[in-house]
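*Asks:* target39.cif is the file, holding mmCIF, C-alpha atoms:
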data_work
loop_
_atom_site.label_atom_id
_atom_site.label_comp_id
_atom_site.auth_asym_id
_atom_site.auth_seq_id
_atom_site.Cartn_x
_atom_site.Cartn_y
_atom_site.Cartn_z
CA MET A 526 -72.86 -16.43 -49.50
CA THR A 527 -71.20 -19.49 -48.04
CA LEU A 528 -70.91 -20.43 -44.40
CA THR A 529 -67.40 -18.91 -44.28
CA ASP A 530 -68.75 -15.51 -45.36
CA TYR A 531 -70.91 -15.43 -42.21
CA LEU A 532 -68.40 -17.11 -39.94
CA VAL A 533 -65.43 -14.75 -40.58
CA PRO A 534 -67.18 -11.50 -39.53
CA ALA A 535 -68.89 -13.29 -36.63
CA LEU A 536 -65.53 -14.50 -35.30
CA LEU A 537 -64.06 -11.01 -35.77
CA TYR A 538 -66.90 -9.47 -33.74
CA VAL A 539 -66.39 -12.02 -30.95
CA GLY A 540 -62.67 -11.23 -30.99
CA VAL A 541 -63.30 -7.49 -30.82
CA PHE A 542 -65.71 -8.06 -27.92
CA PHE A 543 -62.98 -9.80 -25.90
CA TYR A 544 -60.49 -7.03 -26.77
CA ALA A 545 -63.00 -4.42 -25.63
CA ALA A 546 -63.59 -6.34 -22.39
CA GLY A 547 -59.83 -6.54 -21.80
CA SER A 548 -59.37 -2.83 -22.43
CA LEU A 549 -62.29 -1.99 -20.13
CA GLY A 550 -60.67 -4.11 -17.42
CA LEU A 551 -57.35 -2.34 -17.96
CA LEU A 552 -59.05 1.01 -17.44
CA ARG A 553 -61.36 0.11 -14.56
CA PHE A 554 -59.61 -2.45 -12.31
CA GLN A 555 -57.80 -1.09 -9.26
CA ASP A 556 -54.39 -2.74 -9.03
CA ALA A 557 -51.70 -4.03 -11.34
CA GLU A 558 -52.46 -7.74 -10.93
CA LEU A 559 -56.15 -7.30 -11.79
CA ARG A 560 -55.37 -5.07 -14.76
CA LEU A 561 -52.80 -7.56 -16.11
CA HIS A 562 -55.31 -10.37 -15.61
CA ALA A 563 -57.89 -8.51 -17.72
CA LEU A 564 -55.37 -7.45 -20.36
CA THR A 565 -53.56 -10.74 -20.99
CA LYS A 566 -56.37 -13.26 -20.60
CA ALA A 567 -59.15 -11.42 -22.43
CA ASP A 568 -56.84 -10.11 -25.17
CA ASN A 569 -55.33 -13.53 -25.84
CA VAL A 570 -58.82 -14.99 -26.29
CA GLY A 571 -59.68 -12.01 -28.53
CA LEU A 572 -56.54 -12.55 -30.60
CA GLY A 573 -57.45 -16.23 -30.84
CA PHE A 574 -60.83 -15.41 -32.39
CA VAL A 575 -59.29 -12.86 -34.79
CA ALA A 576 -56.63 -15.43 -35.76
CA LEU A 577 -59.35 -18.03 -36.35
CA ALA A 578 -61.20 -15.56 -38.58
CA ALA A 579 -58.00 -14.81 -40.51
CA ALA A 580 -57.22 -18.51 -40.95
CA LEU A 581 -60.74 -19.16 -42.28
CA HIS A 582 -60.51 -16.11 -44.55
CA TRP A 583 -57.33 -17.35 -46.24
CA GLY A 584 -58.62 -20.90 -46.14
CA SER A 585 -55.37 -22.82 -46.66
CA VAL A 586 -53.78 -25.19 -44.14
CA ALA A 587 -50.33 -23.58 -44.61
CA ALA A 588 -51.69 -20.11 -43.78
CA ALA A 589 -53.67 -21.51 -40.84
CA VAL A 590 -50.58 -23.16 -39.34
CA LYS A 591 -48.59 -19.92 -39.65
CA ILE A 592 -51.41 -17.91 -38.05
CA ALA A 593 -51.62 -20.49 -35.25
CA ALA A 594 -47.86 -20.04 -34.70
CA VAL A 595 -48.36 -16.26 -34.48
CA TRP A 596 -51.06 -16.79 -31.84
CA LEU A 597 -48.84 -19.16 -29.84
CA PHE A 598 -45.94 -16.66 -29.92
CA ALA A 599 -48.28 -13.91 -28.72
CA LEU A 600 -49.53 -16.20 -25.90
CA MET A 601 -45.99 -16.98 -24.75
CA ALA A 602 -44.88 -13.35 -24.87
CA ALA A 603 -48.02 -12.11 -23.08
CA GLY A 604 -47.76 -14.80 -20.42
CA ALA A 605 -44.09 -14.17 -19.70
CA THR A 606 -44.35 -10.34 -19.67
CA ALA A 607 -47.49 -10.43 -17.50
CA GLN A 608 -45.65 -12.56 -14.92
CA LEU A 609 -42.65 -10.23 -14.99
CA MET A 610 -44.75 -7.08 -14.69
CA ALA A 611 -46.86 -8.52 -11.86
CA ARG A 612 -43.74 -9.51 -9.89
CA ARG A 613 -42.22 -6.10 -10.47
CA ALA A 614 -45.44 -4.41 -9.33
CA LYS A 615 -45.50 -6.59 -6.21
CA THR A 616 -41.90 -5.88 -5.20
CA SER A 617 -42.43 -2.16 -5.91
CA ALA A 618 -45.58 -2.13 -3.73
CA GLU A 619 -43.66 -3.83 -0.92
CA ARG A 620 -40.91 -1.24 -1.19
CA GLY A 621 -43.53 1.51 -1.36
CA SER A 622 -42.27 3.10 -4.59
CA ASP A 623 -44.34 3.79 -7.67
CA GLU A 624 -41.69 2.67 -10.16
CA MET B 706 -63.81 0.96 -45.44
CA THR B 707 -60.17 1.17 -46.53
CA LEU B 708 -60.28 4.97 -46.46
CA ALA B 709 -61.72 4.87 -42.94
CA PHE B 710 -58.96 2.45 -41.89
CA ASP B 711 -56.27 4.69 -43.40
CA MET B 712 -57.69 7.81 -41.76
CA ILE B 713 -57.90 6.16 -38.32
CA LEU B 714 -54.35 4.82 -38.72
CA CYS B 715 -53.04 8.29 -39.71
CA LEU B 716 -54.75 9.89 -36.71
CA MET B 717 -53.30 7.25 -34.38
CA ILE B 718 -49.80 7.74 -35.85
CA VAL B 719 -49.93 11.52 -35.42
CA GLY B 720 -51.48 11.13 -31.96
CA THR B 721 -48.88 8.65 -30.65
CA ALA B 722 -46.05 10.73 -32.17
CA ALA B 723 -47.37 13.84 -30.38
CA ALA B 724 -47.76 11.87 -27.13
CA ALA B 725 -44.18 10.52 -27.39
CA LEU B 726 -42.91 14.09 -27.88
CA LEU B 727 -45.01 15.83 -25.25
CA MET B 728 -45.03 13.28 -22.40
CA ARG B 729 -43.20 14.54 -19.31
CA ASN B 730 -42.62 11.01 -18.01
CA ALA B 731 -39.68 9.46 -19.91
CA LEU B 732 -41.00 5.88 -19.62
CA ALA B 733 -44.45 6.88 -20.94
CA ALA B 734 -42.79 8.73 -23.84
CA ILE B 735 -40.75 5.60 -24.70
CA VAL B 736 -43.87 3.41 -24.58
CA PHE B 737 -45.64 5.78 -26.98
CA PHE B 738 -42.56 5.74 -29.25
CA ILE B 739 -42.74 1.92 -29.40
CA VAL B 740 -46.47 2.06 -30.18
CA LEU B 741 -45.67 4.63 -32.89
CA GLY B 742 -43.15 2.22 -34.46
CA ASN B 743 -45.74 -0.58 -34.55
CA LEU B 744 -48.38 1.72 -36.08
CA LEU B 745 -45.88 2.87 -38.74
CA GLY B 746 -45.24 -0.80 -39.48
CA LEU B 747 -49.01 -1.26 -39.98
CA ALA B 748 -49.00 1.75 -42.34
CA TRP B 749 -46.22 0.20 -44.44
CA LEU B 750 -48.18 -3.07 -44.43
CA ALA B 751 -51.27 -1.22 -45.66
CA MET B 752 -49.13 0.02 -48.59
CA ASP B 753 -48.02 -3.59 -49.33
CA ALA B 754 -44.42 -2.77 -48.35
CA VAL B 755 -44.03 -5.92 -46.23
CA ASN B 756 -40.20 -5.78 -46.13
CA VAL B 757 -40.23 -2.23 -44.78
CA ALA B 758 -43.03 -3.08 -42.34
CA MET B 759 -40.99 -5.93 -40.84
CA ALA B 760 -37.86 -3.79 -40.60
CA GLU B 761 -39.78 -0.89 -39.00
CA ILE B 762 -41.46 -3.07 -36.37
CA ALA B 763 -38.35 -5.12 -35.59
CA ILE B 764 -35.74 -2.35 -35.60
CA GLY B 765 -37.73 0.89 -35.26
CA ALA B 766 -40.04 -0.33 -32.51
CA GLY B 767 -38.34 -3.42 -31.09
CA VAL B 768 -34.59 -2.93 -30.84
CA THR B 769 -34.78 0.88 -30.52
CA GLY B 770 -37.44 0.50 -27.82
CA VAL B 771 -35.25 -1.87 -25.78
CA LEU B 772 -32.30 0.50 -26.28
CA LEU B 773 -34.31 3.48 -25.00
CA ILE B 774 -35.63 1.61 -21.96
CA LEU B 775 -32.11 0.42 -21.06
CA THR B 776 -30.75 3.94 -21.57
CA ARG B 777 -33.38 5.31 -19.18
CA GLN B 778 -32.56 2.63 -16.63
CA ARG B 779 -28.81 3.37 -16.84
CA LEU B 780 -29.33 7.13 -16.62
CA MET B 781 -31.48 6.65 -13.51
CA ALA B 782 -28.81 4.38 -12.00
CA LEU B 783 -26.34 7.25 -12.56
CA GLY B 784 -28.62 9.59 -10.59
CA ASP B 785 -30.11 11.48 -13.53
CA ASP B 786 -33.74 12.39 -12.68
CA LEU B 787 -34.61 12.48 -16.43
CA VAL B 788 -36.40 15.81 -16.23
CA SER B 789 -35.64 18.01 -19.20
CA ALA B 790 -35.02 21.67 -18.43
CA GLU B 791 -37.56 24.24 -19.57
CA MET B 792 -36.52 25.42 -23.04
CA PRO B 793 -36.54 29.10 -23.99
CA GLY B 794 -39.32 30.18 -26.37
CA TRP B 795 -37.03 31.03 -29.30
CA LEU B 796 -35.54 27.50 -29.17
CA ARG B 797 -39.00 25.90 -29.26
CA THR B 798 -40.11 28.11 -32.15
CA GLY B 799 -36.84 27.48 -33.97
CA ALA B 800 -37.19 23.69 -33.54
CA LEU B 801 -40.80 23.86 -34.73
CA VAL B 802 -39.86 25.87 -37.85
CA ALA B 803 -36.88 23.64 -38.65
CA CYS B 804 -38.89 20.41 -38.26
CA ALA B 805 -41.87 21.77 -40.21
CA GLY B 806 -39.53 22.88 -43.01
CA PHE B 807 -37.85 19.48 -43.05
CA ALA B 808 -41.24 17.70 -43.18
CA ALA B 809 -42.37 19.97 -46.04
CA LEU B 810 -39.11 19.26 -47.90
CA ILE B 811 -39.52 15.48 -47.56
CA GLY B 812 -43.21 15.75 -48.49
CA SER B 813 -42.45 17.68 -51.66
CA ALA B 814 -39.63 15.27 -52.55
CA VAL B 815 -41.96 12.28 -52.19
CA LEU B 816 -44.77 13.99 -54.12
CA SER B 817 -42.35 14.96 -56.91
CA VAL B 818 -41.84 11.27 -57.77
CA ALA B 819 -44.16 10.70 -60.71
CA PRO B 820 -46.55 7.79 -60.05
CA ALA B 821 -45.81 6.47 -63.57
CA ASP B 822 -41.99 6.52 -63.47
CA ASP B 823 -42.12 2.69 -63.49
CA LEU B 824 -38.97 2.07 -61.47
CA GLY B 825 -40.65 -1.15 -60.32
CA GLY B 826 -41.12 -2.19 -63.93
CA SER B 827 -37.47 -1.69 -64.86
CA ILE B 828 -36.37 -3.69 -61.79
CA ALA B 829 -38.87 -6.45 -62.59
CA ALA B 830 -37.29 -6.67 -66.07
CA LEU B 831 -33.84 -7.24 -64.51
CA MET B 832 -34.94 -9.73 -61.82
CA PRO B 833 -34.97 -12.95 -63.95
CA GLY B 834 -31.18 -12.69 -64.35
CA LEU B 835 -30.71 -13.02 -60.58
CA GLY B 836 -32.66 -16.22 -59.98
CA ILE B 837 -34.51 -14.71 -57.00
CA GLU B 838 -38.00 -13.24 -56.91
CA ASN B 839 -38.06 -10.68 -54.08
CA PRO B 840 -37.32 -7.35 -55.82
CA VAL B 841 -36.31 -5.73 -52.50
CA THR B 842 -33.59 -8.35 -52.00
CA GLY B 843 -32.60 -7.83 -55.63
CA VAL B 844 -32.13 -4.10 -55.08
CA LEU B 845 -30.34 -4.53 -51.72
CA LEU B 846 -27.96 -7.30 -52.72
CA ALA B 847 -27.45 -6.76 -56.47
CA PHE B 848 -28.54 -3.46 -58.03
CA ARG B 849 -27.58 -1.32 -55.03
CA ALA B 850 -25.24 -3.80 -53.32
CA TYR B 851 -22.67 -1.06 -52.74
CA ASP B 852 -25.06 0.77 -50.37
CA THR B 853 -25.81 -2.42 -48.43
CA LEU B 854 -22.09 -3.22 -48.15
CA LEU B 855 -21.47 0.22 -46.67
CA GLU B 856 -24.44 -0.19 -44.29
CA ALA B 857 -22.95 -3.45 -42.99
CA PHE B 858 -19.71 -1.60 -42.20
CA VAL B 859 -21.59 1.34 -40.63
CA LEU B 860 -23.29 -1.12 -38.24
CA LEU B 861 -19.90 -2.58 -37.31
CA GLY B 862 -18.48 0.93 -36.89
CA ALA B 863 -21.35 1.79 -34.53
CA LEU B 864 -20.39 -1.15 -32.30
CA VAL B 865 -16.75 0.00 -32.34
CA ALA B 866 -18.00 3.44 -31.26
CA VAL B 867 -20.03 1.88 -28.39
CA TRP B 868 -17.01 -0.18 -27.33
CA SER B 869 -14.75 2.85 -27.43
CA LEU B 870 -16.85 4.26 -24.56
CA ALA B 871 -15.62 1.50 -22.25
CA PRO B 872 -14.36 3.04 -19.01
CA ARG B 873 -10.72 2.75 -17.93
CA GLY B 874 -9.85 -0.78 -16.84
CA ALA B 875 -12.95 -2.33 -18.41
CA TRP B 876 -11.44 -3.25 -21.78
CA PRO B 877 -11.72 -6.01 -22.99
CA GLN B 878 -14.16 -7.38 -20.42
CA ARG B 879 -17.83 -8.32 -20.90
CA PRO B 880 -20.69 -5.81 -21.23
CA ALA B 881 -22.89 -5.48 -18.14
CA ALA B 882 -25.19 -8.48 -17.69
CA LEU B 883 -28.85 -7.80 -18.48
CA ALA B 884 -30.08 -10.71 -16.35
CA LEU B 885 -32.90 -9.92 -13.93
CA ALA B 886 -32.28 -10.29 -10.20
CA GLU B 887 -33.24 -13.61 -8.59
CA ASN B 888 -36.33 -12.18 -6.88
CA GLY B 889 -37.40 -10.05 -9.84
CA GLY B 890 -38.89 -12.75 -12.04
CA HIS B 891 -35.59 -14.38 -12.97
CA GLY B 892 -37.15 -17.83 -13.36
CA VAL B 893 -39.86 -16.62 -15.74
CA ALA B 894 -37.40 -14.67 -17.88
CA ALA B 895 -34.94 -17.59 -17.91
CA ALA B 896 -37.59 -20.06 -19.10
CA PHE B 897 -38.87 -17.60 -21.71
CA GLY B 898 -35.34 -16.87 -22.97
CA ARG B 899 -34.43 -20.56 -23.22
CA LEU B 900 -37.66 -21.20 -25.14
CA LEU B 901 -37.34 -18.19 -27.45
CA LEU B 902 -33.66 -18.30 -28.46
CA PRO B 903 -33.85 -21.57 -30.47
CA LEU B 904 -37.14 -20.43 -32.02
CA ALA B 905 -35.49 -17.12 -32.98
CA LEU B 906 -32.61 -19.02 -34.61
CA VAL B 907 -35.03 -21.09 -36.71
CA MET B 908 -37.08 -17.99 -37.55
CA ALA B 909 -33.96 -16.04 -38.59
CA ALA B 910 -32.74 -18.87 -40.82
CA TYR B 911 -36.21 -19.08 -42.39
CA LEU B 912 -36.42 -15.32 -42.95
CA VAL B 913 -33.11 -15.27 -44.88
CA TRP B 914 -34.11 -18.28 -46.97
CA ALA B 915 -37.62 -16.91 -47.66
CA GLY B 916 -36.10 -13.47 -48.35
CA SER B 917 -34.94 -14.59 -51.79
CA ASP B 918 -38.45 -14.92 -53.11
CA LEU B 919 -40.77 -13.51 -50.42
CA PRO B 920 -40.55 -10.59 -47.99
CA GLY B 921 -37.69 -11.11 -45.56
CA GLY B 922 -33.92 -10.92 -45.71
CA ALA B 923 -30.72 -10.42 -43.77
CA PHE B 924 -31.75 -7.30 -41.81
CA GLN B 925 -35.08 -8.72 -40.65
CA ALA B 926 -33.46 -12.05 -39.78
CA GLY B 927 -30.60 -10.32 -37.96
CA THR B 928 -33.07 -8.36 -35.84
CA VAL B 929 -34.99 -11.52 -34.92
CA LEU B 930 -31.68 -13.13 -33.92
CA ALA B 931 -30.74 -10.06 -31.87
CA GLY B 932 -34.16 -10.12 -30.16
CA GLY B 933 -33.70 -13.78 -29.23
CA LEU B 934 -30.19 -13.10 -27.88
CA ILE B 935 -31.34 -10.07 -25.84
CA ILE B 936 -34.28 -11.95 -24.28
CA ALA B 937 -32.05 -14.93 -23.52
CA ALA B 938 -29.56 -12.52 -21.89
CA ILE B 939 -32.31 -10.91 -19.80
CA GLY B 940 -33.22 -14.40 -18.58
CA GLY B 941 -29.58 -15.19 -17.88
CA ALA B 942 -29.72 -18.12 -20.34
CA VAL B 943 -26.74 -16.69 -22.25
CA SER B 944 -24.05 -14.36 -20.95
CA TRP B 945 -22.24 -11.79 -23.09
CA PRO B 946 -18.79 -12.83 -24.32
CA ARG B 947 -15.65 -10.83 -23.61
CA ALA B 948 -14.97 -8.14 -26.19
CA ASP B 949 -11.79 -9.93 -27.31
CA ASP B 950 -13.46 -13.35 -27.67
CA ARG B 951 -12.21 -14.94 -30.89
CA TYR B 952 -15.58 -16.48 -31.90
CA LEU B 953 -17.35 -13.19 -31.18
CA ARG B 954 -14.94 -11.29 -33.43
CA VAL B 955 -15.50 -13.83 -36.23
CA ALA B 956 -19.29 -13.53 -35.87
CA LEU B 957 -19.11 -9.73 -35.97
CA VAL B 958 -16.88 -9.51 -39.05
CA LEU B 959 -18.17 -12.52 -41.00
CA GLY B 960 -20.99 -10.75 -42.86
CA PRO B 961 -19.13 -7.62 -43.99
CA ALA B 962 -16.02 -9.74 -44.78
CA VAL B 963 -17.87 -12.30 -46.92
CA PHE B 964 -19.67 -9.46 -48.70
CA LEU B 965 -16.40 -7.61 -49.33
CA ILE B 966 -14.50 -10.72 -50.50
CA ILE B 967 -17.25 -11.68 -52.95
CA GLY B 968 -17.35 -8.06 -54.10
CA LEU B 969 -13.57 -7.96 -54.62
CA ALA B 970 -13.66 -11.32 -56.41
CA GLY B 971 -16.06 -9.65 -58.82
CA ILE B 972 -13.19 -7.39 -59.94
CA ALA B 973 -11.54 -10.46 -61.49
CA GLN B 974 -14.71 -10.80 -63.56
CA GLY B 975 -14.54 -7.16 -64.59
CA ARG B 976 -16.31 -5.09 -61.93
CA PHE B 977 -16.55 -4.63 -58.13
CA LEU B 978 -19.55 -6.55 -56.73
CA PHE B 979 -20.07 -8.40 -60.00
CA TYR B 980 -21.74 -11.80 -59.52
CA PRO B 981 -20.66 -14.38 -62.14
CA PRO B 982 -23.65 -15.53 -64.23
CA GLY B 983 -25.27 -18.69 -62.88
CA PHE B 984 -23.96 -18.11 -59.34
CA GLU B 985 -26.02 -15.01 -58.47
CA LYS B 986 -28.47 -16.69 -56.13
CA ALA B 987 -25.87 -18.85 -54.40
CA LEU B 988 -23.64 -15.83 -53.73
CA ILE B 989 -26.55 -13.62 -52.61
CA VAL B 990 -27.80 -16.29 -50.17
CA ALA B 991 -24.24 -16.83 -48.84
CA ILE B 992 -23.85 -13.08 -48.27
CA GLU B 993 -27.28 -12.86 -46.64
CA TYR B 994 -26.70 -15.71 -44.18
CA SER B 995 -23.36 -14.34 -43.03
CA LEU B 996 -24.79 -10.79 -42.90
CA ALA B 997 -27.78 -11.96 -40.82
CA LEU B 998 -25.46 -13.57 -38.24
CA SER B 999 -23.25 -10.48 -38.05
CA ILE B 1000 -26.21 -8.07 -37.88
CA GLY B 1001 -27.86 -10.11 -35.14
CA VAL B 1002 -24.75 -10.32 -32.95
CA THR B 1003 -23.82 -6.67 -33.61
CA LEU B 1004 -27.30 -5.36 -32.72
CA ALA B 1005 -27.44 -7.47 -29.54
CA LEU B 1006 -24.03 -6.18 -28.42
CA GLN B 1007 -24.96 -2.59 -29.23
CA VAL B 1008 -27.93 -2.99 -26.89
CA ALA B 1009 -25.65 -4.63 -24.30
CA GLY B 1010 -23.44 -1.53 -24.27
CA PRO B 1011 -19.71 -1.05 -23.69
CA PRO B 1012 -17.64 -3.48 -21.60
CA VAL B 1013 -17.62 -2.83 -17.85
CA ALA B 1014 -14.99 -3.62 -15.24
CA PRO B 1015 -15.72 -7.02 -13.60
CA ASP B 1016 -16.37 -5.56 -10.12
CA HIS B 1017 -19.14 -3.33 -11.54
CA GLU B 1018 -20.92 -6.20 -13.21
CA GLY B 1019 -24.62 -6.92 -12.55
#
Represent the structure from my file as structure tokens, please.
*Replies:*
Amino acid sequence: MTLTDYLVPALLYVGVFFYAAGSLGLLRFQDAELRLHALTKADNVGLGFVALAAALHWGSVAAAVKIAAVWLFALMAAGATAQLMARRAKTSAERGSDE
Amino acid sequence: MTLAFDMILCLMIVGTAAAALLMRNALAAIVFFIVLGNLLGLAWLAMDAVNVAMAEIAIGAGVTGVLLILTRQRLMALGDDLVSAEMPGWLRTGALVACAGFAALIGSAVLSVAPADDLGGSIAALMPGLGIENPVTGVLLAFRAYDTLLEAFVLLGALVAVWSLAPRGAWPQRPAALALAENGGHGVAAAFGRLLLPLALVMAAYLVWAGSDLPGGAFQAGTVLAGGLIIAAIGGAVSWPRADDRYLRVALVLGPAVFLIIGLAGIAQGRFLFYPPGFEKALIVAIEYSLALSIGVTLALQVAGPPVAPDHEG
């Protein structure tokens, strides 16, 4: 067993913990802004740890750079959609509709 | 471990499919349909069918999902409350029997393929003559090129069908703009669209190039391009061209035309769609790049919908 053999599962568990925390927040928080906050922030950190584990598992710089790009794309998409959904939720709340 | 993963994935696929079917709320049903597409993509990935996985996630979940959400939005704008009428019992039973029979038919057809028929082996034996290494691209662009050529024309025909729905007085104007309203997150969507479109162009070019030897190809690249165009349009970073725009027409027809011309030129060598020896890879890559552009633009415009009269725009 090398250091990597311990590190990969450990990183995966940390990633899953953040995903679980994000999902719990999505289920338990009261309004849209709080739920989005839990979902995007915690899940992006979780994905980061899973990506780190995957990069270590494959162990080549080329694979690591591609995985890092995947993580960055996910960050950008999550950030942009969270902003859009929060604004939509806010304008809907002001109008008093549930849509 | 792998068995447990497969079982959980199967349960999630069946569960999301049932949810998408049974949800009363149209938006919730669409969301479950998109999740279903992504899970199916994971299932293809688990079977090492990376090309199919990419196509399923990009087209099955991505573009179809956007299309369904836009359809819902347009139906609601027309005053449709999106509540389906209660169906009579015989219709439900009939649909159940028909779908179950169809599923059993497909299942038996798949199971009747002998695991040892070695179709992969016979294709692998032919691949060295093409100069490319991705067997899926080999099948799509060489061994079954005729099917792919027809598919390219079907996609174009679908756009012609969408355009033919243009209301009186709207032809040949632009499709309705997808851009968000100024107070509805326009700035965020605009920045995201401007950031994503160039990245999508690079990614599409890479996917075609990689598609010769690795998973990828014209359809995956075209969908990435379409996704970039749609997101840029939602942000208002690009606006749809008029339906009679000369450059648009060229972009739409380029892929099928290049494919057809190269195919017809093959007749001079003896056979339709014959690639002269030594030029296989160059011709396949040329066809794939032009196809990717045409597929991307065609898919984006299919999502955009038929042209609308200028006073109805926005």
*Asks:* Please identify all polymer residues within 10 Å of Ser548 of chain A, counting all atoms listed in the file, omitting same-chain residues fewer than 2 positions from it, and present them as a list in words.
*Replies:*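 Here the answer would be Phe542, Phe543, Tyr544, Ala545, Ala546, Gly550, Leu551, Leu552, Arg553, Arg560, Ala563, Leu564, Thr565, Ala567 and Asp568 of chain A.
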*Asks:* On this structure, which residues satisfy the PyMOL selection byres ((chain A and resi 592) around 10), written as a VMD selection string?
*Replies:* chain A and resid 573 575 to 577 579 to 580 586 to 591 593 to 598
*Asks:* Can I get the selection written as a short mmCIF file (atom, residue, chain, number, x, y, z; two decimals), in the frame of the given file, with C-alpha atoms?
*Replies:*
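Final output, saved to out-v1.cif:
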data_model
loop_
_atom_site.label_atom_id
_atom_site.label_comp_id
_atom_site.auth_asym_id
_atom_site.auth_seq_id
_atom_site.Cartn_x
_atom_site.Cartn_y
_atom_site.Cartn_z
CA GLY A 573 -57.45 -16.23 -30.84
CA VAL A 575 -59.29 -12.86 -34.79
CA ALA A 576 -56.63 -15.43 -35.76
CA LEU A 577 -59.35 -18.03 -36.35
CA ALA A 579 -58.00 -14.81 -40.51
CA ALA A 580 -57.22 -18.51 -40.95
CA VAL A 586 -53.78 -25.19 -44.14
CA ALA A 587 -50.33 -23.58 -44.61
CA ALA A 588 -51.69 -20.11 -43.78
CA ALA A 589 -53.67 -21.51 -40.84
CA VAL A 590 -50.58 -23.16 -39.34
CA LYS A 591 -48.59 -19.92 -39.65
CA ALA A 593 -51.62 -20.49 -35.25
CA ALA A 594 -47.86 -20.04 -34.70
CA VAL A 595 -48.36 -16.26 -34.48
CA TRP A 596 -51.06 -16.79 -31.84
CA LEU A 597 -48.84 -19.16 -29.84
CA PHE A 598 -45.94 -16.66 -29.92
#
*Asks:* Near chain B, meaning an atom within 12 Å, which residues of chain A appear when counting only C-alpha atoms? Write them as a PyMOL selection string.
*Replies:* chain A and resi 591+594-595+597-617+624
*Asks:* Take atom CA of Pro920 of chain B and atom CA of Asn756 of chain B and report the distance between them in Å, one decimal.
*Replies:*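 Atom-to-atom, atom CA of Pro920 of chain B and atom CA of Asn756 of chain B are spaced 5.2 Å apart.
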*Asks:* Could you state the separation of atom CA of Pro1011 of chain B and atom CA of Ala731 of chain B in Å, given to one decimal place?
*Replies:*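 Distance between the two atoms: 22.9 Å.
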*Asks:* Is it possible to get the axis-aligned box enclosing segment 715-723 of chain B (all listed atoms, 6 Å extra per side) as AutoDock Vina command-line options, with centre and edge lengths in Å rounded to one decimal?
*Replies:*
--center_x -50.4 --center_y 10.5 --center_z -35.0 --size_x 20.7 --size_y 18.6 --size_z 21.3
*Asks:* What gap, in Å, lies between atom CA of Leu1006 of chain B and atom CA of Ile774 of chain B?
*Replies:*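 A separation of 15.4 Å between them.
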*Asks:* For this structure, which residues satisfy the selection - the PyMOL selection byres ((chain B and resi 767) around 12) - when it is evaluated on the file as given? I want them as a PyMOL selection string.
*Replies:* chain B and resi 735-736+738-743+746+759-766+768-774+925+928-929+931-933+935-936+1004-1005+1008
*Asks:* Mind writing the picked residues with C-alpha atoms as a CSV table (one decimal), in the coordinates of the input?
*Replies:*
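In the end it all went to again00.csv:
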chain,number,residue,atom,x,y,z
B,735,ILE,CA,-40.8,5.6,-24.7
B,736,VAL,CA,-43.9,3.4,-24.6
B,738,PHE,CA,-42.6,5.7,-29.2
B,739,ILE,CA,-42.7,1.9,-29.4
B,740,VAL,CA,-46.5,2.1,-30.2
B,741,LEU,CA,-45.7,4.6,-32.9
B,742,GLY,CA,-43.2,2.2,-34.5
B,743,ASN,CA,-45.7,-0.6,-34.6
B,746,GLY,CA,-45.2,-0.8,-39.5
B,759,MET,CA,-41.0,-5.9,-40.8
B,760,ALA,CA,-37.9,-3.8,-40.6
B,761,GLU,CA,-39.8,-0.9,-39.0
B,762,ILE,CA,-41.5,-3.1,-36.4
B,763,ALA,CA,-38.4,-5.1,-35.6
B,764,ILE,CA,-35.7,-2.4,-35.6
B,765,GLY,CA,-37.7,0.9,-35.3
B,766,ALA,CA,-40.0,-0.3,-32.5
B,768,VAL,CA,-34.6,-2.9,-30.8
B,769,THR,CA,-34.8,0.9,-30.5
B,770,GLY,CA,-37.4,0.5,-27.8
B,771,VAL,CA,-35.2,-1.9,-25.8
B,772,LEU,CA,-32.3,0.5,-26.3
B,773,LEU,CA,-34.3,3.5,-25.0
B,774,ILE,CA,-35.6,1.6,-22.0
B,925,GLN,CA,-35.1,-8.7,-40.6
B,928,THR,CA,-33.1,-8.4,-35.8
B,929,VAL,CA,-35.0,-11.5,-34.9
B,931,ALA,CA,-30.7,-10.1,-31.9
B,932,GLY,CA,-34.2,-10.1,-30.2
B,933,GLY,CA,-33.7,-13.8,-29.2
B,935,ILE,CA,-31.3,-10.1,-25.8
B,936,ILE,CA,-34.3,-12.0,-24.3
B,1004,LEU,CA,-27.3,-5.4,-32.7
B,1005,ALA,CA,-27.4,-7.5,-29.5
B,1008,VAL,CA,-27.9,-3.0,-26.9
*Asks:* Given the choices A:His562, A:Val570, A:His582, A:Ala557, which gets closest to Gly540 of chain A if the distance is worked out from all atoms listed in the file?
*Replies:*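 Ranking A:His562, A:Val570, A:His582, A:Ala557 by distance to Gly540 of chain A, first place goes to A:Val570.
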*Asks:* Once the PyMOL selection byres ((chain B and resi 991-999) around 10) has been evaluated on this model, what residues remain selected, and can you format them as a VMD selection string?
*Replies:* chain B and resid 842 846 854 857 860 to 861 906 909 to 910 912 to 914 916 to 917 922 to 931 953 to 967 985 to 990 1000 to 1005
*Asks:* Ranking A:Glu619, A:Leu561, A:Phe554, A:Leu581 by minimum distance to Leu532 of chain A and counting all atoms listed in the file, which one comes first?
*Replies:*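 Among A:Glu619, A:Leu561, A:Phe554, A:Leu581, it is A:Leu581 that comes nearest to Leu532 of chain A.
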*Asks:* Kindly indicate which residue among B:Ala814, B:Arg849, B:Leu855, B:Val802 lies nearest to Ile828 of chain B, using only C-alpha atoms for the distances.
*Replies:* B:Arg849
*Asks:* Hey, which of A:Arg620, A:Ala578, A:Ser585, A:Leu559 ends up closest to Thr529 of chain A? Count all atoms listed in the file.
*Replies:* A:Ala578
